[in-house]
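Structure, as structure tokens:
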Amino acid sequence: MKVVPSRSSEWVRPVTSQKPASAIIEIDRVSQVFQTSARKDHLALSNISLTIEEGAFVSILGPSGCGKSTLLYIVGGFVNPTSGAAKMKGQAITGPGPDRGPVFQEFALFPWKTVLGNVMYGPRQQGVRVAEAEAQSRALIEMVGLKGYESFYPKELSGGMKQRVALARTLAYHPEVLLMDEPFGALDAHTRTRLQNDLLNIWERDRKTVLFVTHSVDEAVFLSDKVVMMSKSPGRIREVIDIDLPRPRRRNELLLDPRYQKYVVDIERMFDEVDETGSVS
Amino acid sequence: MTSPSALARRAAPMFACIGLLAVWQVASLALKNDSFPTAIEAIRAIPDILGDKESLINILASLRRMAIGFGIAVLVSIPLGLLMGRSRAVAAFFNPLLMVIYPVPKAALMPIIMLWLGVGDITKTLVIFLGVSLPVIYHSFEGAKAVEEKMLWSGAAMGLSPLQRLVRIVLPAALPEILTGCRTGLVLALITMITSEMIARQSGAGNILFNALDMGQYDTVYAMIIIVGAMGICLDAVFERVRARLVRWSEPQFDMPLSFS
């Protein structure tokens with residue numbers, strides 16, 4: 001795994017896998033300027049370069065306003081960077097596509113569709129026949145733990161259930177990369193933990209590439225192979241930390257593991273440093 | 001489920017109607033004015049109007065114009081409003097035009113339209129069209145503007161083109177708001193229908209009403225008001241049923257405070 005760090009080049013990933021992982025996403029000197037008012041420009045992202053390897057679970061961690069979601073949106077093709085470019089498998093990203101599936105904090109489900117209708121939407125759009133799309137979708141709904149809720153509308157579901165539907169809806173069209181934008185940010189602590197566990201279980205089956213934006217240190221360490229720590233004003237990559245913890249990870253074992261604890265403590269300290277306001281949200 | 005309170009709630013509109021009629025009856029008897037018939041006299045005149053073939057043809061002609069005007073207005077206004085809500089350029093182009101048209105009473109435009117298009121169906125239908133369009137455009141616009149960006153992004157990631165997103169995401173997502181506009185539009189269609197027939201007196205329900213007024217048949221005047229009012233209530237109730245069915249998936253914040261269903 002090769003990462004192009006913003007500052008430190010001494011960082012080298014310990015070799016854990018023999019086969020050379022290939023880069024799936026390359027972010028090359030991306031900057032993003034937002035015009036906040038007629039006079040002032042806000043530099044949301046400054047010269048970000050990052051390579052993400054196929055099959056890696058990478059978290060982007062940082063304080064509010066560091067541009068971590070913007071970076072995700074650029075990879076998604078929802079936002080065009082002011083300068084620099086993002087590439088997916090060597091191809092410049094010019095817009096959204098089914099190879100990159102987003103899951104948003106706001107769920108963004110289609111409220112007029114049932115759970116099944118939401119999950120089937122992507123496959124149907126891709127031209128999968130109704131019967132086949134339905135069978136696949138039902139299996140996915142069962143996988144995310146919502147069997148029996150197929151005919152429910154989103155408004156009838158809790159936040160955690162909605163996010164499960166959103167995950168199933170995105171998995172349904174088989175994106176090569178999952179783009180998760182603080183997906184558990186709107187959920188209560190207990191639901192959040194359960195969804196983290198379930199996401200990890202699902203992920204460990206097929207090891208899709210995941211880019212996961214969060215401001216929770218535990219979440220980032222628990223889930224990721226690699227944590228990209230960002231600082232704000234302007235948004236920069238401060239550090240890329242390899243999380244060298246064995247998989248499959250089980251929460252009850254990991255929380256007691258001194259290595260896990262050290263990662264959390266170290267990264268939290270780093271987080272305090274980058275977030276001058278001191279309000280770790 | 002027929003607890004006494006629920007029963008009372010269901011019967012309440014009925015009591016309100018009976019109460020109104022009773023007040024009317026008493027007021028009319030007390031005033032003893034020729035131009036103010038009693039409620040019973042007015043109600044007795046209703047079967048005469050509805051039994052008369054000529055009147056019935058007139059009323060049906062009114063309803064036909066209203067349906068055509070309303071239908072065309074909805075078909076034009078929803079796409080326009082949605083486009084305005086999703087495209088700044090389209091909104092910037094149409095907004096000034098609509099701002100000018102908005103405060104003008106549509107009936108005030110009738111003399112001009114009559115000069116150009118005569119006093120026939122086209123003029124009246126056009127006035128209904130104008131009356132219905134604005135609320136439907138406005139609500140479609142607001143509904144489209146409020147569609148969550150992330151919902152559109154989710155659609156884009158699935159491979160929906162901009163046009164597909166407009167039809168398959170913006171339209172259904174804005175539907176509760178659009179239907180609110182249509183409901184206002186429906187009542188406005190009834191109002192502009194009667195108004196247009198007042199100005200271009202040739203046929204229609206409004207014509208019956210004003211002819212009766214000219215001839216001093218006050219019971220017919222009041223009977224027509226009741227008929228038109230009842231038409232409005234029925235149309236609105238039917239529409240509300242359809243609306244509620246179409247958007248039963250939506251969050252309750254879209255529910256109407258007033259409903260006759």
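Naming scheme: A, B, ... for chains in displayed order of the structure tokens; residues 1 onward per chain; ligands 1 onward as shown.
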Neighbour list for region 36-44 of chain A as a tab-separated table (two decimals) with N, CA, C and O atoms, in the first residue's frame, cut-off 8 Å, only C-alpha atoms, skip fewer than 2 positions in-chain:
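Below is the file part-v4.tsv, written as the result:
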```tsv
chain	number	residue	atom	x	y	z
A	31	SER	N	-7.40	20.87	-4.66
A	31	SER	CA	-7.74	22.01	-3.82
A	31	SER	C	-9.17	22.41	-4.11
A	31	SER	O	-9.66	22.26	-5.23
A	32	GLN	N	-9.82	22.92	-3.07
A	32	GLN	CA	-11.21	23.34	-3.24
A	32	GLN	C	-11.40	24.69	-2.58
A	32	GLN	O	-11.11	24.86	-1.40
A	33	VAL	N	-11.85	25.64	-3.36
A	33	VAL	CA	-12.10	26.98	-2.84
A	33	VAL	C	-13.59	27.24	-2.88
A	33	VAL	O	-14.24	27.02	-3.90
A	34	PHE	N	-14.15	27.66	-1.76
A	34	PHE	CA	-15.56	28.06	-1.74
A	34	PHE	C	-15.61	29.56	-1.58
A	34	PHE	O	-14.87	30.14	-0.79
A	46	SER	N	-6.67	22.05	0.68
A	46	SER	CA	-5.45	22.60	0.12
A	46	SER	C	-4.51	21.48	-0.29
A	46	SER	O	-3.96	20.77	0.55
A	65	GLY	N	-15.40	21.12	9.56
A	65	GLY	CA	-14.88	22.21	8.75
A	65	GLY	C	-13.51	21.94	8.15
A	65	GLY	O	-12.89	22.85	7.61
A	66	CYS	N	-13.03	20.69	8.22
A	66	CYS	CA	-11.71	20.42	7.64
A	66	CYS	C	-11.83	19.98	6.19
A	66	CYS	O	-10.84	19.71	5.54
A	67	GLY	N	-13.04	19.91	5.69
A	67	GLY	CA	-13.22	19.58	4.28
A	67	GLY	C	-13.25	18.09	4.00
A	67	GLY	O	-13.18	17.67	2.85
A	70	THR	N	-16.15	17.22	1.82
A	70	THR	CA	-15.92	17.75	0.47
A	70	THR	C	-15.01	16.83	-0.33
A	70	THR	O	-15.25	16.57	-1.51
A	232	LYS	N	-7.74	21.55	9.85
A	232	LYS	CA	-8.64	22.46	9.16
A	232	LYS	C	-8.03	23.84	8.92
A	232	LYS	O	-7.02	24.19	9.51
A	233	SER	N	-8.71	24.60	8.08
A	233	SER	CA	-8.36	25.99	7.76
A	233	SER	C	-6.90	26.18	7.37
A	233	SER	O	-6.15	26.71	8.16
A	234	PRO	N	-6.47	25.81	6.25
A	234	PRO	CA	-7.22	25.07	5.24
A	234	PRO	C	-7.17	23.57	5.49
A	234	PRO	O	-6.33	23.11	6.26
A	235	GLY	N	-8.07	22.84	4.86
A	235	GLY	CA	-8.11	21.39	5.01
A	235	GLY	C	-6.86	20.76	4.40
A	235	GLY	O	-6.61	20.91	3.21
```
- Message: Using only C-alpha atoms, I'd like every residue of chain B that has an atom within 7 Å of chain A; please write them out as an MDAnalysis selection string.
- Response: chainID B and resid 150:151 153:154 156:159 172 249:251
- Task: Rank A:Glu132, A:Asp225, A:Asp28, A:Glu253 by their smallest atom-to-atom distance to Val240 (chain A), using only C-alpha atoms, and report the top residue only.
- Result: A:Asp225
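Considering only C-alpha atoms, the residue among A:Arg29, A:Lys226, A:Lys262, A:Arg250 positioned nearest to Thr193 (chain A) is A:Arg250.
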- Query: Quick one: residues within 9 Å of Met110 (chain B), only C-alpha atoms counted, chain neighbours fewer than 5 positions away excluded, as a PyMOL selection string?
  - Reply: chain B and resi 115+123-124+127+196+199-200
- Message: Can you pull out the residues contacting Val227 (chain A)? Cut-off 9 Å, using only C-alpha atoms, and skip same-chain residues under 3 positions away; I want them as a ChimeraX atom specification.
- Response: /A:57-61,220-221,224,239-243
Output for the residues just chosen: all heavy atoms as a tab-separated table (two decimals), in the first residue's frame:
```tsv
chain	number	residue	atom	x	y	z
A	57	PHE	N	-10.06	-0.30	3.77
A	57	PHE	CA	-11.06	0.48	4.51
A	57	PHE	C	-10.32	1.70	5.05
A	57	PHE	O	-9.51	1.59	5.96
A	57	PHE	CB	-11.66	-0.35	5.64
A	57	PHE	CG	-12.95	0.20	6.18
A	57	PHE	CD1	-14.11	-0.56	6.15
A	57	PHE	CD2	-13.02	1.48	6.71
A	57	PHE	CE1	-15.32	-0.07	6.65
A	57	PHE	CE2	-14.21	1.99	7.20
A	57	PHE	CZ	-15.37	1.22	7.17
A	58	VAL	N	-10.58	2.85	4.43
A	58	VAL	CA	-9.85	4.05	4.77
A	58	VAL	C	-10.80	5.07	5.39
A	58	VAL	O	-11.85	5.37	4.81
A	58	VAL	CB	-9.18	4.67	3.52
A	58	VAL	CG1	-8.46	5.96	3.87
A	58	VAL	CG2	-8.22	3.67	2.89
A	59	SER	N	-10.44	5.57	6.57
A	59	SER	CA	-11.27	6.60	7.20
A	59	SER	C	-10.59	7.95	7.05
A	59	SER	O	-9.37	8.06	7.16
A	59	SER	CB	-11.45	6.32	8.69
A	59	SER	OG	-12.36	5.27	8.85
A	60	ILE	N	-11.40	8.94	6.80
A	60	ILE	CA	-10.90	10.31	6.80
A	60	ILE	C	-11.45	10.95	8.06
A	60	ILE	O	-12.66	11.04	8.26
A	60	ILE	CB	-11.37	11.09	5.55
A	60	ILE	CG1	-10.93	10.34	4.30
A	60	ILE	CG2	-10.80	12.49	5.56
A	60	ILE	CD1	-11.42	10.97	3.02
A	61	LEU	N	-10.53	11.34	8.92
A	61	LEU	CA	-10.89	11.81	10.25
A	61	LEU	C	-10.47	13.26	10.39
A	61	LEU	O	-9.39	13.64	9.93
A	61	LEU	CB	-10.16	10.94	11.28
A	61	LEU	CG	-10.39	11.21	12.76
A	61	LEU	CD1	-11.79	10.84	13.17
A	61	LEU	CD2	-9.38	10.41	13.59
A	220	ALA	N	-13.16	5.39	13.69
A	220	ALA	CA	-12.13	5.29	12.65
A	220	ALA	C	-11.16	4.14	12.94
A	220	ALA	O	-10.85	3.34	12.06
A	220	ALA	CB	-11.39	6.62	12.54
A	221	VAL	N	-10.70	4.05	14.19
A	221	VAL	CA	-9.72	3.01	14.53
A	221	VAL	C	-10.36	1.63	14.45
A	221	VAL	O	-9.78	0.69	13.91
A	221	VAL	CB	-9.13	3.27	15.94
A	221	VAL	CG1	-8.22	2.11	16.36
A	221	VAL	CG2	-8.37	4.58	15.97
A	224	SER	N	-11.05	0.82	10.49
A	224	SER	CA	-10.19	1.09	9.33
A	224	SER	C	-8.90	0.30	9.28
A	224	SER	O	-8.36	-0.15	10.28
A	224	SER	CB	-9.82	2.57	9.30
A	224	SER	OG	-10.95	3.36	9.54
A	239	GLU	N	-1.71	13.59	8.70
A	239	GLU	CA	-1.00	12.35	8.96
A	239	GLU	C	-1.82	11.19	8.39
A	239	GLU	O	-3.05	11.26	8.38
A	239	GLU	CB	-0.90	12.16	10.48
A	239	GLU	CG	0.08	11.14	10.94
A	239	GLU	CD	1.49	11.71	11.06
A	239	GLU	OE1	1.69	12.60	11.89
A	239	GLU	OE2	2.37	11.27	10.29
A	240	VAL	N	-1.13	10.19	7.95
A	240	VAL	CA	-1.84	8.97	7.57
A	240	VAL	C	-1.35	7.86	8.49
A	240	VAL	O	-0.16	7.59	8.55
A	240	VAL	CB	-1.58	8.61	6.09
A	240	VAL	CG1	-2.32	7.34	5.74
A	240	VAL	CG2	-2.03	9.75	5.19
A	241	ILE	N	-2.28	7.27	9.22
A	241	ILE	CA	-1.89	6.28	10.23
A	241	ILE	C	-2.40	4.91	9.80
A	241	ILE	O	-3.59	4.76	9.49
A	241	ILE	CB	-2.48	6.63	11.61
A	241	ILE	CG1	-2.09	8.05	12.01
A	241	ILE	CG2	-2.02	5.64	12.67
A	241	ILE	CD1	-3.22	9.02	11.99
A	242	ASP	N	-1.50	3.97	9.80
A	242	ASP	CA	-1.89	2.60	9.51
A	242	ASP	C	-2.45	1.96	10.76
A	242	ASP	O	-1.82	2.03	11.82
A	242	ASP	CB	-0.64	1.82	9.11
A	242	ASP	CG	-0.80	1.26	7.74
A	242	ASP	OD1	-1.84	1.51	7.12
A	242	ASP	OD2	0.13	0.58	7.29
A	243	ILE	N	-3.60	1.35	10.66
A	243	ILE	CA	-4.15	0.67	11.82
A	243	ILE	C	-3.85	-0.81	11.65
A	243	ILE	O	-4.55	-1.52	10.92
A	243	ILE	CB	-5.67	0.91	11.95
A	243	ILE	CG1	-5.98	2.40	11.94
A	243	ILE	CG2	-6.22	0.23	13.20
A	243	ILE	CD1	-5.38	3.19	13.07
```
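Take CA of Leu179 (chain B) and CA of Ala67 (chain B): the distance between them is 16.0 Å.
Nearest to Met231 (chain B) of all the residues B:Thr195, B:Ser62, B:Gln25, B:Thr38 is B:Ser62, counting only C-alpha atoms.
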- region 2-159 of chain A: which residues are strand (DSSP E or B) by DSSP, as a VMD selection string? chain A and resid 23 to 35 41 to 53 57 to 61 83 to 88 91 to 92 100 to 104
Surrounding residues of Gly160 (chain A) excluding itself and chain neighbours under 4 positions, 10 Å, only C-alpha atoms, as a PDB file with N, CA and C atoms, in the first residue's frame:
```pdb
ATOM      1  N   PHE A 107     -29.149   9.882   5.198  1.00  0.00           N
ATOM      2  CA  PHE A 107     -29.813   8.698   4.617  1.00  0.00           C
ATOM      3  C   PHE A 107     -30.205   8.932   3.160  1.00  0.00           C
ATOM      4  N   ARG A 164     -29.553   1.468   7.589  1.00  0.00           N
ATOM      5  CA  ARG A 164     -29.396   0.101   7.084  1.00  0.00           C
ATOM      6  C   ARG A 164     -29.966  -0.010   5.669  1.00  0.00           C
ATOM      7  N   VAL A 165     -31.137   0.615   5.462  1.00  0.00           N
ATOM      8  CA  VAL A 165     -31.737   0.601   4.123  1.00  0.00           C
ATOM      9  C   VAL A 165     -30.815   1.320   3.145  1.00  0.00           C
ATOM     10  N   ALA A 166     -30.286   2.472   3.579  1.00  0.00           N
ATOM     11  CA  ALA A 166     -29.420   3.251   2.684  1.00  0.00           C
ATOM     12  C   ALA A 166     -28.198   2.427   2.282  1.00  0.00           C
ATOM     13  N   PRO A 183     -21.780   8.254   8.119  1.00  0.00           N
ATOM     14  CA  PRO A 183     -23.059   7.548   8.001  1.00  0.00           C
ATOM     15  C   PRO A 183     -23.753   7.325   9.340  1.00  0.00           C
ATOM     16  N   PHE A 184     -22.973   7.246  10.422  1.00  0.00           N
ATOM     17  CA  PHE A 184     -23.603   6.951  11.710  1.00  0.00           C
ATOM     18  C   PHE A 184     -23.654   8.195  12.590  1.00  0.00           C
ATOM     19  N   ALA A 186     -25.707  10.626  12.758  1.00  0.00           N
ATOM     20  CA  ALA A 186     -27.003  11.092  13.254  1.00  0.00           C
ATOM     21  C   ALA A 186     -27.658  10.087  14.203  1.00  0.00           C
ATOM     22  N   LEU A 187     -26.911   9.055  14.553  1.00  0.00           N
ATOM     23  CA  LEU A 187     -27.530   7.982  15.342  1.00  0.00           C
ATOM     24  C   LEU A 187     -27.084   8.038  16.795  1.00  0.00           C
ATOM     25  N   ASP A 188     -27.910   7.483  17.684  1.00  0.00           N
ATOM     26  CA  ASP A 188     -27.525   7.446  19.088  1.00  0.00           C
ATOM     27  C   ASP A 188     -26.400   6.427  19.280  1.00  0.00           C
ATOM     28  N   HIS A 190     -25.749   3.775  21.009  1.00  0.00           N
ATOM     29  CA  HIS A 190     -25.950   2.334  20.978  1.00  0.00           C
ATOM     30  C   HIS A 190     -26.199   1.844  19.544  1.00  0.00           C
ATOM     31  N   THR A 191     -27.073   2.552  18.837  1.00  0.00           N
ATOM     32  CA  THR A 191     -27.373   2.194  17.448  1.00  0.00           C
ATOM     33  C   THR A 191     -26.112   2.294  16.600  1.00  0.00           C
ATOM     34  N   ARG A 192     -25.341   3.315  16.903  1.00  0.00           N
ATOM     35  CA  ARG A 192     -24.104   3.554  16.183  1.00  0.00           C
ATOM     36  C   ARG A 192     -23.164   2.362  16.316  1.00  0.00           C
ATOM     37  N   ARG A 194     -23.916  -0.700  17.097  1.00  0.00           N
ATOM     38  CA  ARG A 194     -24.451  -1.888  16.404  1.00  0.00           C
ATOM     39  C   ARG A 194     -24.235  -1.808  14.908  1.00  0.00           C
ATOM     40  N   LEU A 195     -24.425  -0.611  14.368  1.00  0.00           N
ATOM     41  CA  LEU A 195     -24.225  -0.473  12.929  1.00  0.00           C
ATOM     42  C   LEU A 195     -22.759  -0.611  12.544  1.00  0.00           C
TER      43      LEU A 195
END
```
- Leaving out Ile52 (chain A) and any residue of its chain fewer than 5 positions from it, which residues lie within 6 Å of it when counting only C-alpha atoms, given as a VMD selection string? chain A and resid 23 to 25
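Residues within 10 Å of Ile48 (chain A), counting only C-alpha atoms and excluding same-chain residues fewer than 3 positions away, are Val4, Pro5, Ser6, Ile27, Asp28, Arg29, Val30, Ser31, Gln32, Leu45, Leu71, Gly84, Ala85, Ala86, Met230, Gly235, Arg236 and Ile237 of chain A.
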Can those selected residues be exported to a file as a PDB file, in the first residue's frame so that it contains C-alpha atoms?
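selection_17.pdb, written as the output of this step:
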```pdb
ATOM      1  CA  VAL A   4       1.274   9.952  -0.879  1.00  0.00           C
ATOM      2  CA  PRO A   5       1.459  11.854   2.376  1.00  0.00           C
ATOM      3  CA  SER A   6       1.106  15.589   2.438  1.00  0.00           C
ATOM      4  CA  ILE A  27      -6.404  12.026  -5.439  1.00  0.00           C
ATOM      5  CA  ASP A  28      -3.829  14.284  -7.029  1.00  0.00           C
ATOM      6  CA  ARG A  29      -3.150  17.750  -5.594  1.00  0.00           C
ATOM      7  CA  VAL A  30      -6.787  18.568  -5.100  1.00  0.00           C
ATOM      8  CA  SER A  31      -7.739  22.010  -3.820  1.00  0.00           C
ATOM      9  CA  GLN A  32     -11.208  23.338  -3.244  1.00  0.00           C
ATOM     10  CA  LEU A  45      -9.059  21.783   0.783  1.00  0.00           C
ATOM     11  CA  LEU A  71     -13.062  15.411  -0.314  1.00  0.00           C
ATOM     12  CA  GLY A  84      -6.207  19.057  -9.117  1.00  0.00           C
ATOM     13  CA  ALA A  85      -7.976  15.868 -10.047  1.00  0.00           C
ATOM     14  CA  ALA A  86      -9.322  12.649  -8.631  1.00  0.00           C
ATOM     15  CA  MET A 230      -6.945  16.032   8.491  1.00  0.00           C
ATOM     16  CA  GLY A 235      -8.105  21.394   5.015  1.00  0.00           C
ATOM     17  CA  ARG A 236      -4.877  19.442   4.782  1.00  0.00           C
ATOM     18  CA  ILE A 237      -3.752  15.897   5.389  1.00  0.00           C
TER      19      ILE A 237
END
```
- Message: What parts of region 88-179 of chain B does DSSP call alpha helix (DSSP H)? I'd like the answer as a ChimeraX atom specification.
- Response: /B:88-101,110-117,121-145,149-157,162-165,171-179
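Here the question is which of A:Ser64, A:Asp206, A:Val130, A:Leu157 gets nearest to Glu276 (chain A) using only C-alpha atoms, and that residue is A:Ser64.
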